[in-house]
Amino acid sequence: MSGDPTVSAASTGAPGGRAASTGAPGGRAASAPLLGGESEPTVFELSHPGRRAWSFRTTGIPEVPVEDLVPAVHRRATPVDVAEVSERDLVGHFTRLSHRQFSVDLGAYPLGSCTMKYNPKVCDTVAGLPGLAGVHPAAPASLTQGWLGLLVELEETLCEVTGMAAATLQPAAGAAGELTGLLLIRAWHEAQGHVRHKVIIPDSAHGTNPASVTLGGYEVVTVPSDDRGCVDMAALRSVLDEDVAGIMLTNPNTLGLFEEDIAEIAAAVHEVGGLLYYDGANLNAILGVVRPGDMGFDIVHMNLHKTFATPHGGGGPGAGPVAVSERLVPFLPGPRPVRTGPESDAPYAWATPERSIGRVHTWHGNALVLARALAYILVNGGDGLKRIAQVAVLNANWIRRRLHDAYDVPFDRTCMHEVVLSARTLKADHGVRALDIAKRLLEEGFHAPTVYFPLIVEEALMIEPTETESPQTLEALATALETIAAEAADLGAEAMAAHPLVTPVRRVDEARAARSLIPTFDARN
Amino acid sequence: MGTYIPHTDEELADMLAFLGLSSLDELFDAVPEAVKLQHALELADGVGEPDVVARMDGYADRNRARSDRMVCFAGGGAYDHEIPAVTQALAGRSEFVTSYTPYQPEVAQGVLQAVFEFQTMVARIAGLPVANASLYDGGSSAVEAVNLGVAATKRPTVWVSEGIHPHWRQMLATFAVGTGHRIVTVPLVDGVTAWPEDPSDGDGPPGVVLVGYPNYLGCLEDLAAVRALCDRTGALMVVGADPLAAGLLRSAGDWGADVMVGEGQAFGTALGFGGPYLGLFACSAAHVRRLPGRLVGETVDVEDRVAYVTTLRAREQDIRREKATSNVCTNQTLMAVTAAVQLGWLGTSGLVEVATRCARATRYTRDAVLAVDGVTPWAEAPVLREFAVQLPRPADEVIDRMADAGFLAGISLDGAVADGDHGLLIAATERRTVEQIDAYAAALAKAVA
């Protein structure tokens, strides 16, 4: 789409002065944010009474007065004050805002655990097809055979990728998938007559895991990692008993390491009657190489916005389908699309599994995201998916090897799709923190790595290059990080804490945002 | 095959050599052989992008109900509204589409400010001071509102009007299994909720009361009565509001609601077979620290320039973990940005205009439909932008027949409300013309005969 200048372009302007929201009512079509230094006024400040952008079709419908349409007791006294802008000002405003936003399309985004790979444009075309985008979700199956067929094909594809028997496509994101999985665990145990209270998660787990466990009505039991960064088998065995409903694992884990004892973990958990839940955040690392089902997992969620590039939309929408092994199929959310026969006029229908946990989405899941994922998988194919995993892992290991002199590498062995570096030594010797490294990297035109996660690594810098960054980009990223480490040692903490200097805004006062909460324009004064 | 991997074979070989490896397979030596996949995935090999578009268009072609071929009179929380070119162009900008959650505010002011503007617009529509950065859809907002209300009142009983979207009610039932909340459905009588006179049921007074405005049948509920009920019982008042109808209706906050939830699809998001949509969530100041999901706040940078950042982060799962107010991480930010653009396009006058046009089209459609022999009103309560009727034959049959005439007739009420199998829910948006509506009524006369 746009080839708009990135962060560095914003640096070419004059140094910023006090320039907050100076837009007089009515605004102005000046591209100040692109030139640097100034804030973009809010749309409310660009508003001018009487201006408008809307236009509607000619319908011929009688213009009944509002008083005759809405009983007085229900009628709003004054219109909602939204904003009053021309289409030209609206376009200027949001285009300038987009110039203040980093994205994958602008540059590498090595944000660990987030799989910020290139998002193919063909998926935008697919999501915009009128025969997919223009379908009402309540239309009966007989009128939506295309959608049901598409969803069934995606479900079957995801089951092959994960080695599972069936899947629900309803969950809208990874966390929604987790909660769905926990409710499946609960339903399964209840059907067996078990009463269980605990779910085990490693100390390296994503924060959504424990939050979902609580909402699933379970108590979190945390197990530590061992000195190799994997689940401590002895600690795990010590907490396993018949009160354990299951365990949630990410494999490769959030340190980017493959849990080599996975078969033993699965056997031990299954031995006490627990179920294994696979957090698919890191699925990109193992596509076509090893499958959660073959590792012994009973339930798997996938993050289609990560692994299958659907994309991320500034924080969503995602899609978090959940695939399960045979014994859990009767509990899946419903209704779900199913084949009713190979050759009939209507080969697809909705069906609710016999012991379904119920509905977890208002409709059928984030359908257009699901369509994007299927398109992505079809372009790549089975062969291409394996190549994705291989190159993602190659890129991460290249970064690890390239940077192991400049940074600490707490677990310096072959990693999977991401590597966790640490600024521990830089902090100890020079007082420079992982956060300072991250902020400084923004000035080099790269997004920052994930910092301070996983929680078990001090001053963590978690880098996931993904397979779509070229060797030249990796070289530039590594050089930038090396330079920054050298700079940190030379210049020290105070100088580093001043960065970034050239981004659309510099470091923001997060404490003030929380202390004097301004969640809307109306709360400004 | 198609590929988005830039590396040439030579580059791959160079990188492997740098690592002291001779094959890509060696990268996976940590994976035990016993679990490693011993064969290729049983999926077709990759193909060119044009082949994939053609294949997906084949699926699209088999959707008879696509709105460019079948005139849409279905609503029920998903509406066929105008999406102007400007909304598609701005919300489709790749800086918004291909960015992650704004964890680095210095390079994420675009998304952060757009969401701040979205929050402001939602709060104004709700008549409440705070709105979050979005949840998955209307149903997920309802679930989160119930969680907030039960936590705030420490009472696990939840009264849900039968006029709440049936799928939201199904979701509430699903998630209540984990939280232990007790969901009590309060029935509709003549289209509006018949709240019990005496709220002292066996499980004690409710912690939350949830009502639709308008409700699923399109009827306007008496929210003053709901406020009084909540005052009597100490329950939190949660209103599931249609944010577009709010262009004409008193706001949830004006009626005294503690929380407003809603489905925001009407603001620029495609029907899309039900997703991705946009969960709206607004609340009173008293509950801001229990707010689910992300919140953007205004602050300044070190040069004292206005800047935006996600705030009150200590509520969230990545910090609070098992004690978080919600497990939500990824939300529907792009739909929130879309809604901010669409609402900017509508503006103050356009929100009134679109709501009025929908109400007029609905009035015209209702008159035409009720003139059909054998079709009677489901209820006499006032409606705004959709309405329910009783048909002389099962609604599913009528929907099938109407499809052959080129209309998506509406939504069957079978399973949605008690004895709903002859009920049809009909919506007419600002996109419906007199010619379409007249033809619809004529086709309906044949379909019910």
# chains A, B, ... in the order shown; residues from 1 in each chain; ligands from 1

call {"tool": "residues_around", "arguments": {"residues": "region 130-147 of chain A", "least_positions_apart": "6", "cutoff": "10 Å", "atoms": "only C-alpha atoms", "output": "PyMOL selection string"}}
result
(chain A and resi 153+337+345-350+362-364+367-368+371) or (chain B and resi 56-70+72-80+269-275+396+399-400+403+408-412)

call {"tool": "residues_around", "arguments": {"residues": "Gln390 (chain A)", "least_positions_apart": "6", "cutoff": "10 Å", "atoms": "only C-alpha atoms", "output": "ChimeraX atom specification"}}
result
/A:284-289,384,416-417,467 /B:23-28

call {"tool": "select_by_dssp", "arguments": {"residues": "region 238-353 of chain A", "states": "strand (DSSP E)", "output": "list in words"}}
result
Val244, Ala245, Gly246, Ile247, Met248, Leu249, Leu275, Leu276, Tyr277, Tyr278, Asp279, Gly280, Ile299, Val300, His301, Met302, Val322, Ala323, Val324, Arg336, Pro337, Val338, Arg339, Tyr348, Ala349, Trp350 and Ala351 of chain A

call {"tool": "residues_around", "arguments": {"residues": "Asp14 (chain B)", "least_positions_apart": "6", "cutoff": "12 Å", "atoms": "only C-alpha atoms", "output": "JSON, numbers by chain"}}
result
{"A": [394, 395, 398, 471], "B": [7, 8, 20, 21, 22, 23, 24]}

call {"tool": "atom_distance", "arguments": {"atom1": "CA of Val221 (chain A)", "atom2": "CA of Val239 (chain A)"}}
result
8.0 Å

call {"tool": "closest_residue", "arguments": {"among": "B:Thr98, B:Ser134, B:Gln265, B:Thr153", "to": "chain A", "atoms": "only C-alpha atoms"}}
result
B:Thr98

call {"tool": "residues_around", "arguments": {"residues": "Ala336 (chain B)", "least_positions_apart": "2", "cutoff": "7 Å", "atoms": "only C-alpha atoms", "output": "number ranges by chain"}}
result
B: 115, 118, 134, 278, 332-334, 338-340

call {"tool": "residues_around", "arguments": {"residues": "Pro50 (chain B)", "least_positions_apart": "4", "cutoff": "10 Å", "atoms": "only C-alpha atoms", "output": "number ranges by chain"}}
result
A: 122, 379; B: 54-56

call {"tool": "write_last_selection", "arguments": {"atoms": "N, CA and C atoms", "output": "PDB file, in the first residue's frame"}}
result
ATOM      1  N   VAL A 122      -2.506 -10.611  -0.904  1.00  0.00           N
ATOM      2  CA  VAL A 122      -3.569 -11.402  -1.526  1.00  0.00           C
ATOM      3  C   VAL A 122      -4.663 -11.735  -0.509  1.00  0.00           C
ATOM      4  N   VAL A 379      -1.672 -20.833  -0.479  1.00  0.00           N
ATOM      5  CA  VAL A 379      -0.552 -20.313  -1.277  1.00  0.00           C
ATOM      6  C   VAL A 379       0.738 -21.035  -0.886  1.00  0.00           C
TER       7      VAL A 379
ATOM      8  N   ALA B  54      -9.000 -17.566  -7.126  1.00  0.00           N
ATOM      9  CA  ALA B  54     -10.066 -18.226  -7.900  1.00  0.00           C
ATOM     10  C   ALA B  54     -10.784 -19.265  -7.041  1.00  0.00           C
ATOM     11  N   ARG B  55     -10.023 -20.003  -6.270  1.00  0.00           N
ATOM     12  CA  ARG B  55     -10.611 -21.023  -5.413  1.00  0.00           C
ATOM     13  C   ARG B  55     -11.493 -20.397  -4.330  1.00  0.00           C
ATOM     14  N   MET B  56     -11.009 -19.319  -3.732  1.00  0.00           N
ATOM     15  CA  MET B  56     -11.801 -18.657  -2.693  1.00  0.00           C
ATOM     16  C   MET B  56     -13.043 -18.004  -3.298  1.00  0.00           C
TER      17      MET B  56
END

call {"tool": "residues_around", "arguments": {"residues": "region 146-148 of chain B", "least_positions_apart": "3", "cutoff": "8 Å", "atoms": "only C-alpha atoms", "output": "PyMOL selection string"}}
result
chain B and resi 142-143+151-152+158+208+290-292+325

call {"tool": "write_last_selection", "arguments": {"atoms": "C-alpha atoms", "output": "PDB file, in the first residue's frame"}}
result
ATOM      1  CA  ALA B 142     -21.839  -8.832  27.700  1.00  0.00           C
ATOM      2  CA  VAL B 143     -19.831 -11.656  29.284  1.00  0.00           C
ATOM      3  CA  ALA B 151     -16.960  -8.800  41.025  1.00  0.00           C
ATOM      4  CA  ALA B 152     -18.237  -5.347  41.998  1.00  0.00           C
ATOM      5  CA  VAL B 158     -27.366 -12.408  37.091  1.00  0.00           C
ATOM      6  CA  VAL B 208     -26.268  -7.721  37.661  1.00  0.00           C
ATOM      7  CA  ARG B 290     -12.319  -3.287  36.923  1.00  0.00           C
ATOM      8  CA  LEU B 291     -12.495  -2.460  33.212  1.00  0.00           C
ATOM      9  CA  PRO B 292     -11.697  -5.476  30.994  1.00  0.00           C
ATOM     10  CA  THR B 325      -9.836  -8.442  35.550  1.00  0.00           C
TER      11      THR B 325
END

call {"tool": "closest_residue", "arguments": {"among": "A:Asn251, A:Ser212, A:Thr95, A:Thr180", "to": "Asn327 (chain B)", "atoms": "only C-alpha atoms"}}
result
A:Ser212
